[in-house]
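Asks: Input coords-v1.pdb, format and content: PDB, C-alpha atoms.
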ATOM      1  CA  MET A  21      41.613 -38.602  55.265  1.00  0.00           C
ATOM      2  CA  GLN A  22      44.335 -39.591  57.701  1.00  0.00           C
ATOM      3  CA  LYS A  23      47.204 -37.130  57.788  1.00  0.00           C
ATOM      4  CA  ASN A  24      50.908 -37.434  58.493  1.00  0.00           C
ATOM      5  CA  LEU A  25      51.049 -41.186  57.945  1.00  0.00           C
ATOM      6  CA  SER A  26      54.592 -42.371  57.454  1.00  0.00           C
ATOM      7  CA  LEU A  27      55.738 -43.460  54.039  1.00  0.00           C
ATOM      8  CA  LYS A  28      58.477 -45.937  53.320  1.00  0.00           C
ATOM      9  CA  THR A  29      61.229 -43.908  51.716  1.00  0.00           C
ATOM     10  CA  LYS A  30      63.795 -46.654  51.192  1.00  0.00           C
ATOM     11  CA  ALA A  31      62.779 -50.079  49.991  1.00  0.00           C
ATOM     12  CA  ASP A  32      64.993 -53.109  50.289  1.00  0.00           C
ATOM     13  CA  PHE A  33      65.477 -54.937  47.034  1.00  0.00           C
ATOM     14  CA  PRO A  34      66.806 -58.442  47.737  1.00  0.00           C
ATOM     15  CA  LEU A  35      67.366 -59.924  44.297  1.00  0.00           C
ATOM     16  CA  ARG A  36      65.672 -63.288  43.814  1.00  0.00           C
ATOM     17  CA  LYS A  37      66.302 -66.172  41.466  1.00  0.00           C
ATOM     18  CA  ILE A  38      64.380 -65.747  38.247  1.00  0.00           C
ATOM     19  CA  GLN A  39      62.133 -68.534  36.990  1.00  0.00           C
ATOM     20  CA  LYS A  40      59.970 -66.735  34.476  1.00  0.00           C
ATOM     21  CA  GLN A  41      60.090 -67.785  30.866  1.00  0.00           C
ATOM     22  CA  LEU A  42      60.907 -64.251  29.695  1.00  0.00           C
ATOM     23  CA  ILE A  43      64.094 -63.902  31.687  1.00  0.00           C
ATOM     24  CA  SER A  44      65.326 -60.629  30.240  1.00  0.00           C
ATOM     25  CA  ASP A  45      61.963 -58.966  30.982  1.00  0.00           C
ATOM     26  CA  ASP A  46      62.217 -59.992  34.633  1.00  0.00           C
ATOM     27  CA  VAL A  47      65.827 -58.819  34.852  1.00  0.00           C
ATOM     28  CA  GLU A  48      64.782 -55.507  33.341  1.00  0.00           C
ATOM     29  CA  LYS A  49      61.843 -55.153  35.750  1.00  0.00           C
ATOM     30  CA  GLN A  50      63.970 -55.807  38.836  1.00  0.00           C
ATOM     31  CA  LEU A  51      66.710 -53.433  37.755  1.00  0.00           C
ATOM     32  CA  ARG A  52      64.206 -50.712  36.860  1.00  0.00           C
ATOM     33  CA  GLU A  53      62.535 -50.950  40.275  1.00  0.00           C
ATOM     34  CA  ALA A  54      65.916 -50.851  42.018  1.00  0.00           C
ATOM     35  CA  ILE A  55      66.874 -47.726  40.051  1.00  0.00           C
ATOM     36  CA  LEU A  56      63.571 -45.940  40.651  1.00  0.00           C
ATOM     37  CA  SER A  57      63.573 -46.797  44.362  1.00  0.00           C
ATOM     38  CA  GLY A  58      67.089 -45.461  44.841  1.00  0.00           C
ATOM     39  CA  ALA A  59      68.370 -48.897  45.882  1.00  0.00           C
ATOM     40  CA  LEU A  60      70.694 -48.528  42.891  1.00  0.00           C
ATOM     41  CA  ALA A  61      71.914 -44.976  43.350  1.00  0.00           C
ATOM     42  CA  PRO A  62      72.648 -42.449  40.588  1.00  0.00           C
ATOM     43  CA  GLY A  63      76.209 -42.980  39.366  1.00  0.00           C
ATOM     44  CA  GLU A  64      76.363 -46.589  40.585  1.00  0.00           C
ATOM     45  CA  SER A  65      77.803 -49.083  38.112  1.00  0.00           C
ATOM     46  CA  LEU A  66      76.225 -52.421  37.191  1.00  0.00           C
ATOM     47  CA  ALA A  67      78.685 -55.238  36.634  1.00  0.00           C
ATOM     48  CA  GLU A  68      77.107 -57.917  34.446  1.00  0.00           C
ATOM     49  CA  ALA A  69      78.796 -60.815  36.220  1.00  0.00           C
ATOM     50  CA  HIS A  70      77.771 -59.628  39.686  1.00  0.00           C
ATOM     51  CA  VAL A  71      74.161 -58.855  38.711  1.00  0.00           C
ATOM     52  CA  GLY A  72      73.871 -62.120  36.794  1.00  0.00           C
ATOM     53  CA  GLU A  73      75.120 -64.088  39.804  1.00  0.00           C
ATOM     54  CA  GLN A  74      72.633 -62.385  42.128  1.00  0.00           C
ATOM     55  CA  LEU A  75      69.744 -63.061  39.784  1.00  0.00           C
ATOM     56  CA  GLY A  76      70.839 -66.512  38.726  1.00  0.00           C
ATOM     57  CA  VAL A  77      70.843 -65.621  35.011  1.00  0.00           C
ATOM     58  CA  SER A  78      73.406 -65.341  32.244  1.00  0.00           C
ATOM     59  CA  ARG A  79      75.432 -62.218  31.551  1.00  0.00           C
ATOM     60  CA  ALA A  80      73.717 -62.056  28.161  1.00  0.00           C
ATOM     61  CA  SER A  81      70.315 -61.648  29.852  1.00  0.00           C
ATOM     62  CA  VAL A  82      71.669 -58.858  32.040  1.00  0.00           C
ATOM     63  CA  ARG A  83      73.271 -57.195  29.021  1.00  0.00           C
ATOM     64  CA  GLN A  84      70.006 -57.254  27.063  1.00  0.00           C
ATOM     65  CA  ALA A  85      68.115 -55.696  29.966  1.00  0.00           C
ATOM     66  CA  LYS A  86      70.798 -53.029  30.414  1.00  0.00           C
ATOM     67  CA  PHE A  87      70.614 -51.958  26.772  1.00  0.00           C
ATOM     68  CA  HIS A  88      66.849 -51.587  27.031  1.00  0.00           C
ATOM     69  CA  LEU A  89      67.120 -49.532  30.215  1.00  0.00           C
ATOM     70  CA  ALA A  90      69.769 -47.391  28.542  1.00  0.00           C
ATOM     71  CA  SER A  91      67.395 -46.770  25.625  1.00  0.00           C
ATOM     72  CA  GLU A  92      64.860 -45.480  28.162  1.00  0.00           C
ATOM     73  CA  GLY A  93      67.433 -43.133  29.660  1.00  0.00           C
ATOM     74  CA  LEU A  94      67.694 -44.898  33.024  1.00  0.00           C
ATOM     75  CA  LEU A  95      71.242 -46.151  32.394  1.00  0.00           C
ATOM     76  CA  GLU A  96      74.177 -44.745  30.466  1.00  0.00           C
ATOM     77  CA  PHE A  97      77.533 -46.198  29.469  1.00  0.00           C
ATOM     78  CA  ASP A  98      80.935 -44.772  30.379  1.00  0.00           C
ATOM     79  CA  ASP A  99      84.013 -44.765  28.130  1.00  0.00           C
ATOM     80  CA  ARG A 100      84.814 -48.337  29.145  1.00  0.00           C
ATOM     81  CA  GLY A 101      81.320 -49.570  28.296  1.00  0.00           C
ATOM     82  CA  THR A 102      80.255 -49.994  31.929  1.00  0.00           C
ATOM     83  CA  ALA A 103      76.567 -49.343  32.594  1.00  0.00           C
ATOM     84  CA  ILE A 104      75.984 -46.521  35.087  1.00  0.00           C
ATOM     85  CA  VAL A 105      72.711 -45.505  36.726  1.00  0.00           C
ATOM     86  CA  ARG A 106      71.698 -42.218  35.134  1.00  0.00           C
ATOM     87  CA  LYS A 107      72.167 -39.128  37.281  1.00  0.00           C
ATOM     88  CA  LEU A 108      69.829 -36.447  36.029  1.00  0.00           C
ATOM     89  CA  THR A 109      71.402 -33.017  35.712  1.00  0.00           C
ATOM     90  CA  LEU A 110      69.692 -29.659  36.108  1.00  0.00           C
ATOM     91  CA  ALA A 111      69.582 -29.397  32.306  1.00  0.00           C
ATOM     92  CA  ASP A 112      67.954 -32.846  32.134  1.00  0.00           C
ATOM     93  CA  ALA A 113      65.298 -31.768  34.627  1.00  0.00           C
ATOM     94  CA  HIS A 114      64.521 -28.629  32.627  1.00  0.00           C
ATOM     95  CA  GLU A 115      64.091 -30.618  29.415  1.00  0.00           C
ATOM     96  CA  ILE A 116      62.026 -33.374  31.026  1.00  0.00           C
ATOM     97  CA  LEU A 117      59.603 -30.960  32.658  1.00  0.00           C
ATOM     98  CA  GLU A 118      59.367 -28.692  29.610  1.00  0.00           C
ATOM     99  CA  PHE A 119      58.509 -31.720  27.475  1.00  0.00           C
ATOM    100  CA  ARG A 120      56.045 -32.976  30.071  1.00  0.00           C
ATOM    101  CA  GLN A 121      54.263 -29.639  30.273  1.00  0.00           C
ATOM    102  CA  ALA A 122      54.000 -29.337  26.487  1.00  0.00           C
ATOM    103  CA  LEU A 123      52.478 -32.821  26.258  1.00  0.00           C
ATOM    104  CA  GLU A 124      50.110 -32.496  29.184  1.00  0.00           C
ATOM    105  CA  LEU A 125      48.793 -29.042  28.292  1.00  0.00           C
ATOM    106  CA  ALA A 126      47.887 -30.327  24.839  1.00  0.00           C
ATOM    107  CA  ALA A 127      46.443 -33.552  26.246  1.00  0.00           C
ATOM    108  CA  VAL A 128      44.312 -31.940  28.935  1.00  0.00           C
ATOM    109  CA  ARG A 129      42.631 -29.618  26.415  1.00  0.00           C
ATOM    110  CA  LEU A 130      41.771 -32.553  24.169  1.00  0.00           C
ATOM    111  CA  ALA A 131      40.738 -34.781  27.073  1.00  0.00           C
ATOM    112  CA  CYS A 132      38.427 -32.095  28.402  1.00  0.00           C
ATOM    113  CA  THR A 133      36.295 -32.293  25.237  1.00  0.00           C
ATOM    114  CA  ARG A 134      36.667 -36.063  24.717  1.00  0.00           C
ATOM    115  CA  LEU A 135      36.213 -37.287  28.276  1.00  0.00           C
ATOM    116  CA  THR A 136      34.231 -40.509  28.574  1.00  0.00           C
ATOM    117  CA  ASP A 137      32.649 -42.228  31.558  1.00  0.00           C
ATOM    118  CA  ASP A 138      35.270 -44.981  31.281  1.00  0.00           C
ATOM    119  CA  ALA A 139      38.092 -42.434  31.407  1.00  0.00           C
ATOM    120  CA  VAL A 140      36.603 -40.762  34.482  1.00  0.00           C
ATOM    121  CA  ALA A 141      36.175 -44.155  36.161  1.00  0.00           C
ATOM    122  CA  ALA A 142      39.825 -45.056  35.481  1.00  0.00           C
ATOM    123  CA  ILE A 143      41.053 -41.721  36.858  1.00  0.00           C
ATOM    124  CA  GLU A 144      38.844 -42.002  39.948  1.00  0.00           C
ATOM    125  CA  ALA A 145      40.086 -45.552  40.582  1.00  0.00           C
ATOM    126  CA  ASN A 146      43.667 -44.318  40.385  1.00  0.00           C
ATOM    127  CA  ILE A 147      42.962 -41.557  42.901  1.00  0.00           C
ATOM    128  CA  ARG A 148      41.350 -44.033  45.319  1.00  0.00           C
ATOM    129  CA  GLN A 149      44.390 -46.302  45.060  1.00  0.00           C
ATOM    130  CA  THR A 150      46.740 -43.396  45.604  1.00  0.00           C
ATOM    131  CA  GLU A 151      44.816 -42.277  48.675  1.00  0.00           C
ATOM    132  CA  GLN A 152      45.385 -45.667  50.332  1.00  0.00           C
ATOM    133  CA  GLU A 153      48.998 -46.162  49.264  1.00  0.00           C
ATOM    134  CA  ARG A 154      51.814 -45.870  51.810  1.00  0.00           C
ATOM    135  CA  ASP A 155      54.732 -47.232  49.793  1.00  0.00           C
ATOM    136  CA  LEU A 156      56.581 -44.333  48.226  1.00  0.00           C
ATOM    137  CA  LEU A 157      57.700 -46.040  45.015  1.00  0.00           C
ATOM    138  CA  THR A 158      54.206 -47.417  44.370  1.00  0.00           C
ATOM    139  CA  LEU A 159      52.902 -43.905  44.963  1.00  0.00           C
ATOM    140  CA  THR A 160      55.257 -42.666  42.233  1.00  0.00           C
ATOM    141  CA  HIS A 161      53.997 -45.359  39.833  1.00  0.00           C
ATOM    142  CA  LEU A 162      50.395 -44.365  40.571  1.00  0.00           C
ATOM    143  CA  ASP A 163      51.211 -40.691  40.098  1.00  0.00           C
ATOM    144  CA  ILE A 164      52.665 -41.345  36.653  1.00  0.00           C
ATOM    145  CA  ALA A 165      49.743 -43.651  35.808  1.00  0.00           C
ATOM    146  CA  PHE A 166      47.277 -40.861  36.683  1.00  0.00           C
ATOM    147  CA  HIS A 167      48.863 -38.539  34.168  1.00  0.00           C
ATOM    148  CA  GLU A 168      48.963 -41.317  31.591  1.00  0.00           C
ATOM    149  CA  GLU A 169      45.187 -41.704  31.974  1.00  0.00           C
ATOM    150  CA  ILE A 170      44.815 -38.047  30.967  1.00  0.00           C
ATOM    151  CA  ILE A 171      47.043 -38.615  27.935  1.00  0.00           C
ATOM    152  CA  ARG A 172      44.919 -41.670  27.053  1.00  0.00           C
ATOM    153  CA  ALA A 173      41.704 -39.675  27.466  1.00  0.00           C
ATOM    154  CA  ALA A 174      42.964 -37.230  24.820  1.00  0.00           C
ATOM    155  CA  CYS A 175      42.519 -40.035  22.245  1.00  0.00           C
ATOM    156  CA  ASN A 176      45.601 -39.025  20.246  1.00  0.00           C
ATOM    157  CA  SER A 177      48.023 -41.842  19.423  1.00  0.00           C
ATOM    158  CA  ARG A 178      50.889 -39.453  18.623  1.00  0.00           C
ATOM    159  CA  LEU A 179      50.607 -37.830  22.034  1.00  0.00           C
ATOM    160  CA  MET A 180      50.636 -41.258  23.671  1.00  0.00           C
ATOM    161  CA  SER A 181      53.712 -42.280  21.670  1.00  0.00           C
ATOM    162  CA  ALA A 182      55.552 -39.126  22.768  1.00  0.00           C
ATOM    163  CA  TRP A 183      54.487 -39.794  26.371  1.00  0.00           C
ATOM    164  CA  HIS A 184      55.952 -43.309  26.260  1.00  0.00           C
ATOM    165  CA  THR A 185      59.259 -41.788  25.146  1.00  0.00           C
ATOM    166  CA  LEU A 186      59.237 -39.372  28.088  1.00  0.00           C
ATOM    167  CA  ARG A 187      57.744 -41.573  30.801  1.00  0.00           C
ATOM    168  CA  PRO A 188      60.830 -43.532  32.039  1.00  0.00           C
ATOM    169  CA  GLN A 189      62.936 -40.434  32.688  1.00  0.00           C
ATOM    170  CA  LEU A 190      59.990 -38.510  34.117  1.00  0.00           C
ATOM    171  CA  GLU A 191      59.373 -41.421  36.490  1.00  0.00           C
ATOM    172  CA  LEU A 192      63.061 -41.436  37.443  1.00  0.00           C
ATOM    173  CA  TRP A 193      62.977 -37.726  38.212  1.00  0.00           C
ATOM    174  CA  LEU A 194      59.654 -37.903  40.080  1.00  0.00           C
ATOM    175  CA  ALA A 195      60.723 -40.897  42.179  1.00  0.00           C
ATOM    176  CA  GLY A 196      63.764 -38.947  43.339  1.00  0.00           C
ATOM    177  CA  MET A 197      61.695 -35.869  44.124  1.00  0.00           C
ATOM    178  CA  HIS A 198      59.135 -37.919  46.058  1.00  0.00           C
ATOM    179  CA  ARG A 199      61.940 -39.346  48.202  1.00  0.00           C
ATOM    180  CA  ARG A 200      63.329 -35.884  48.891  1.00  0.00           C
ATOM    181  CA  HIS A 201      59.908 -34.451  49.643  1.00  0.00           C
ATOM    182  CA  SER A 202      58.955 -37.334  51.924  1.00  0.00           C
ATOM    183  CA  ALA A 203      62.193 -36.930  53.881  1.00  0.00           C
ATOM    184  CA  ILE A 204      60.829 -33.583  55.095  1.00  0.00           C
ATOM    185  CA  THR A 205      57.091 -34.237  55.250  1.00  0.00           C
ATOM    186  CA  ALA A 206      54.829 -37.275  55.447  1.00  0.00           C
ATOM    187  CA  GLN A 207      52.167 -35.521  53.355  1.00  0.00           C
ATOM    188  CA  THR A 208      53.346 -36.670  49.914  1.00  0.00           C
ATOM    189  CA  CYS A 209      50.306 -38.931  49.464  1.00  0.00           C
ATOM    190  CA  GLU A 210      47.841 -36.307  50.627  1.00  0.00           C
ATOM    191  CA  VAL A 211      49.336 -33.596  48.412  1.00  0.00           C
ATOM    192  CA  THR A 212      49.309 -35.875  45.375  1.00  0.00           C
ATOM    193  CA  VAL A 213      45.680 -36.903  45.910  1.00  0.00           C
ATOM    194  CA  ASP A 214      44.517 -33.299  46.374  1.00  0.00           C
ATOM    195  CA  GLY A 215      46.313 -32.185  43.233  1.00  0.00           C
ATOM    196  CA  HIS A 216      44.869 -34.998  41.177  1.00  0.00           C
ATOM    197  CA  ARG A 217      41.335 -34.392  42.419  1.00  0.00           C
ATOM    198  CA  ALA A 218      41.633 -30.751  41.368  1.00  0.00           C
ATOM    199  CA  LEU A 219      42.768 -31.821  37.906  1.00  0.00           C
ATOM    200  CA  LEU A 220      39.872 -34.267  37.541  1.00  0.00           C
ATOM    201  CA  ALA A 221      37.400 -31.547  38.525  1.00  0.00           C
ATOM    202  CA  ALA A 222      38.939 -29.250  35.903  1.00  0.00           C
ATOM    203  CA  LEU A 223      38.615 -31.977  33.265  1.00  0.00           C
ATOM    204  CA  GLN A 224      34.977 -32.551  34.166  1.00  0.00           C
ATOM    205  CA  SER A 225      34.220 -28.829  33.862  1.00  0.00           C
ATOM    206  CA  GLY A 226      34.192 -29.183  30.079  1.00  0.00           C
ATOM    207  CA  ASP A 227      36.138 -25.921  29.769  1.00  0.00           C
ATOM    208  CA  PRO A 228      39.477 -26.500  27.945  1.00  0.00           C
ATOM    209  CA  ASP A 229      40.876 -23.135  29.061  1.00  0.00           C
ATOM    210  CA  HIS A 230      40.141 -23.902  32.703  1.00  0.00           C
ATOM    211  CA  ALA A 231      41.565 -27.420  32.363  1.00  0.00           C
ATOM    212  CA  GLU A 232      44.731 -26.092  30.732  1.00  0.00           C
ATOM    213  CA  GLN A 233      45.182 -23.514  33.494  1.00  0.00           C
ATOM    214  CA  ALA A 234      44.772 -26.204  36.161  1.00  0.00           C
ATOM    215  CA  MET A 235      47.367 -28.401  34.464  1.00  0.00           C
ATOM    216  CA  ARG A 236      49.731 -25.469  33.986  1.00  0.00           C
ATOM    217  CA  GLN A 237      49.538 -24.664  37.684  1.00  0.00           C
ATOM    218  CA  HIS A 238      49.999 -28.342  38.570  1.00  0.00           C
ATOM    219  CA  THR A 239      53.106 -28.795  36.422  1.00  0.00           C
ATOM    220  CA  SER A 240      54.655 -25.339  36.829  1.00  0.00           C
ATOM    221  CA  GLY A 241      54.960 -25.761  40.591  1.00  0.00           C
ATOM    222  CA  MET A 242      57.668 -28.361  40.069  1.00  0.00           C
ATOM    223  CA  GLN A 243      60.024 -25.735  38.664  1.00  0.00           C
ATOM    224  CA  ALA A 244      60.733 -24.710  42.287  1.00  0.00           C
ATOM    225  CA  TYR A 245      62.591 -27.980  42.787  1.00  0.00           C
ATOM    226  CA  PHE A 246      65.153 -27.361  40.041  1.00  0.00           C
ATOM    227  CA  SER A 247      67.615 -25.722  42.446  1.00  0.00           C
ATOM    228  CA  LEU A 248      67.482 -28.300  45.250  1.00  0.00           C
ATOM    229  CA  THR A 249      70.828 -29.244  46.779  1.00  0.00           C
ATOM    230  CA  SER A 250      71.643 -31.606  49.621  1.00  0.00           C
ATOM    231  CA  GLU A 251      72.280 -28.610  51.876  1.00  0.00           C
ATOM    232  CA  SER A 252      69.078 -26.756  51.084  1.00  0.00           C
ATOM    233  CA  ASP A 253      66.496 -29.522  50.703  1.00  0.00           C
ATOM    234  CA  SER A 254      64.584 -28.799  53.894  1.00  0.00           C
ATOM    235  CA  ASP A 255      64.437 -25.028  53.388  1.00  0.00           C
ATOM    236  CA  VAL A 256      63.379 -25.186  49.742  1.00  0.00           C
ATOM    237  CA  ILE A 257      60.809 -27.931  50.301  1.00  0.00           C
ATOM    238  CA  ALA A 258      59.352 -26.137  53.314  1.00  0.00           C
ATOM    239  CA  GLU A 259      59.052 -22.938  51.261  1.00  0.00           C
ATOM    240  CA  GLY A 260      57.604 -24.907  48.363  1.00  0.00           C
ATOM    241  CA  MET A 261      54.939 -26.458  50.576  1.00  0.00           C
ATOM    242  CA  GLU A 262      53.815 -23.016  51.705  1.00  0.00           C
ATOM    243  CA  LYS A 263      53.445 -21.874  48.090  1.00  0.00           C
ATOM    244  CA  GLY A 264      51.960 -25.109  46.779  1.00  0.00           C
ATOM    245  CA  TRP A 265      55.096 -26.108  44.844  1.00  0.00           C
ATOM    246  CA  LEU A 266      54.992 -29.839  45.342  1.00  0.00           C
ATOM    247  CA  PRO A 267      56.227 -32.657  43.088  1.00  0.00           C
ATOM    248  CA  CYS A 268      53.170 -34.497  41.794  1.00  0.00           C
TER     249      CYS A 268
END
Is it possible to express this structure as structure tokens?
Replies:
Amino acid sequence: MQKNLSLKTKADFPLRKIQKQLISDDVEKQLREAILSGALAPGESLAEAHVGEQLGVSRASVRQAKFHLASEGLLEFDDRGTAIVRKLTLADAHEILEFRQALELAAVRLACTRLTDDAVAAIEANIRQTEQERDLLTLTHLDIAFHEEIIRAACNSRLMSAWHTLRPQLELWLAGMHRRHSAITAQTCEVTVDGHRALLAALQSGDPDHAEQAMRQHTSGMQAYFSLTSESDSDVIAEGMEKGWLPC
């Protein structure tokens, strides 16, 4: 595997005129990608008139998309009703990762005993895609999709429903952590692939206890990133790399 390949950490998001029939879905998709990429920064406000003009759509279409993104936890509204890009707090991060770990520990035990050839093939395909990916936001999407394949392999609709509730905010948090990690090291892709291969091997072992331990180690390492600040990013990430505490 090639090492130290550069990743794009800041994507440009020129807004284009929308021609799709489902206008609000396209508005929502563009705004979500801009939020997850960091092009729309945490705390930034979204004026309906300005966004609508850029996209060439009505304010009503922008408003509908904003309400949906707010329901996912990607936007919030201030006292004046202005939509603001959600800035995750330390308490938010704790709750998101606690919820994620609870879901994934349960899912990995079930998936270990219910694993099918199709599930393995889907997970392996995701890993191959991730290994070749050099765009940081796409890498984040693939990372989340990998973990969703494990939830799907558990064959429990209630777990999947809970995952869909968590996924948008987990993706928001992970996208931010990938950007911070990649600012210090170009090994984000390599680290993610290695971690996911280890999880697949644990799933294929057929031992639920071993699979749970592998997932616990995989998810617990992210706790090291709770205390990151703009002044200490490089030191904490460097220490985290040495100890295997990487966001994936």
Asks: How would you write, as a short mmCIF file (atom, residue, chain, number, x, y, z; two decimals) with C-alpha atoms, keeping the file's coordinate frame, the residues chosen by the PyMOL selection byres ((chain A and resi 63) around 12) on this structure?
Replies:
data_model
loop_
_atom_site.label_atom_id
_atom_site.label_comp_id
_atom_site.auth_asym_id
_atom_site.auth_seq_id
_atom_site.Cartn_x
_atom_site.Cartn_y
_atom_site.Cartn_z
CA ILE A 55 66.87 -47.73 40.05
CA GLY A 58 67.09 -45.46 44.84
CA ALA A 59 68.37 -48.90 45.88
CA LEU A 60 70.69 -48.53 42.89
CA ALA A 61 71.91 -44.98 43.35
CA PRO A 62 72.65 -42.45 40.59
CA GLU A 64 76.36 -46.59 40.58
CA SER A 65 77.80 -49.08 38.11
CA LEU A 66 76.22 -52.42 37.19
CA LEU A 94 67.69 -44.90 33.02
CA LEU A 95 71.24 -46.15 32.39
CA GLU A 96 74.18 -44.74 30.47
CA PHE A 97 77.53 -46.20 29.47
CA ASP A 98 80.94 -44.77 30.38
CA THR A 102 80.26 -49.99 31.93
CA ALA A 103 76.57 -49.34 32.59
CA ILE A 104 75.98 -46.52 35.09
CA VAL A 105 72.71 -45.50 36.73
CA ARG A 106 71.70 -42.22 35.13
CA LYS A 107 72.17 -39.13 37.28
CA LEU A 108 69.83 -36.45 36.03
CA THR A 109 71.40 -33.02 35.71
#
Asks: Here is a test: counting only C-alpha atoms, which residue of A:Leu194, A:Leu56, A:Ala221, A:Ala231 is nearest to Ala113 in chain A?
Replies: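 Distance minimum relative to Ala113 in chain A lands on A:Leu194.
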Asks: Mind giving me the axis-aligned box for range 209-213 of chain A with 5 Å on every side, centre plus edges in Å to one decimal, as lines of an AutoDock Vina configuration file?
Replies:
center_x = 48.0
center_y = -36.3
center_z = 48.0
size_x = 14.6
size_y = 15.3
size_z = 15.3
Asks: Apply the PyMOL selection byres ((chain A and resi 151) around 9) to the structure shown and report the selected residues as number ranges by chain.
Replies: A: 21, 146-150, 152-154, 209-210, 212-213
Asks: Calculated over all atoms listed in the file, which of the candidates A:Glu92, A:Leu135, A:Glu169, A:Cys175 has the smallest distance to Glu191 in chain A?
Replies: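 With all atoms listed in the file as the atom set, the closest residue is A:Glu92.
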Asks: Running the PyMOL selection byres ((chain A and resi 126-132) around 6) on this model by hand, what would come out? Give it as a PyMOL selection string.
Replies: chain A and resi 123-125+133-135+171+173-174+223+226+228+232
Asks: How many Å lie between CA of Asp214 in chain A and CA of Asp227 in chain A, rounded to one decimal?
Replies: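 So the two atoms, CA of Asp214 in chain A and CA of Asp227 in chain A, lie 20.0 Å apart.
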Asks: Go through A:Ala195, A:Met235, A:Ala111, A:Ile116 and flag the residue nearest Ala182 in chain A, using all atoms listed in the file for the distances.
Replies: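 Nearest candidate to Ala182 in chain A out of A:Ala195, A:Met235, A:Ala111, A:Ile116: A:Ile116.
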Asks: Please report the interatomic distance between CA of Leu179 in chain A and CA of Thr239 in chain A in Å with one decimal.
Replies: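 Pair CA of Leu179 in chain A / CA of Thr239 in chain A returns 17.2 Å.
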Asks: Would you please work out which residue, of A:Gln50, A:Ser177, A:Ser44, A:Ser57, is nearest to Gln84 in chain A when using all atoms listed in the file?
Replies: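 That would be A:Ser44, the residue with the smallest distance to Gln84 in chain A.
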Asks: Which residue out of A:Gln207, A:Gln233, A:Thr136, A:Ser225 has the minimum interatomic distance to Arg172 in chain A when only C-alpha atoms are used?
Replies: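 Going through A:Gln207, A:Gln233, A:Thr136, A:Ser225 one by one, the smallest distance to Arg172 in chain A is for A:Thr136.
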Asks: Would you work out the distance separating CA of Trp193 in chain A from CA of Ile170 in chain A, expressed in Å to one decimal?
Replies: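 Computed distance, CA of Trp193 in chain A to CA of Ile170 in chain A, equals 19.6 Å.
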Asks: When distances are computed from all atoms listed in the file, which of A:Val77, A:Ala90, A:Leu157, A:Ala141 shows the smallest separation from Gly196 in chain A?
Replies: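 Of A:Val77, A:Ala90, A:Leu157, A:Ala141, the one nearest Gly196 in chain A, counting all atoms listed in the file, is A:Leu157.
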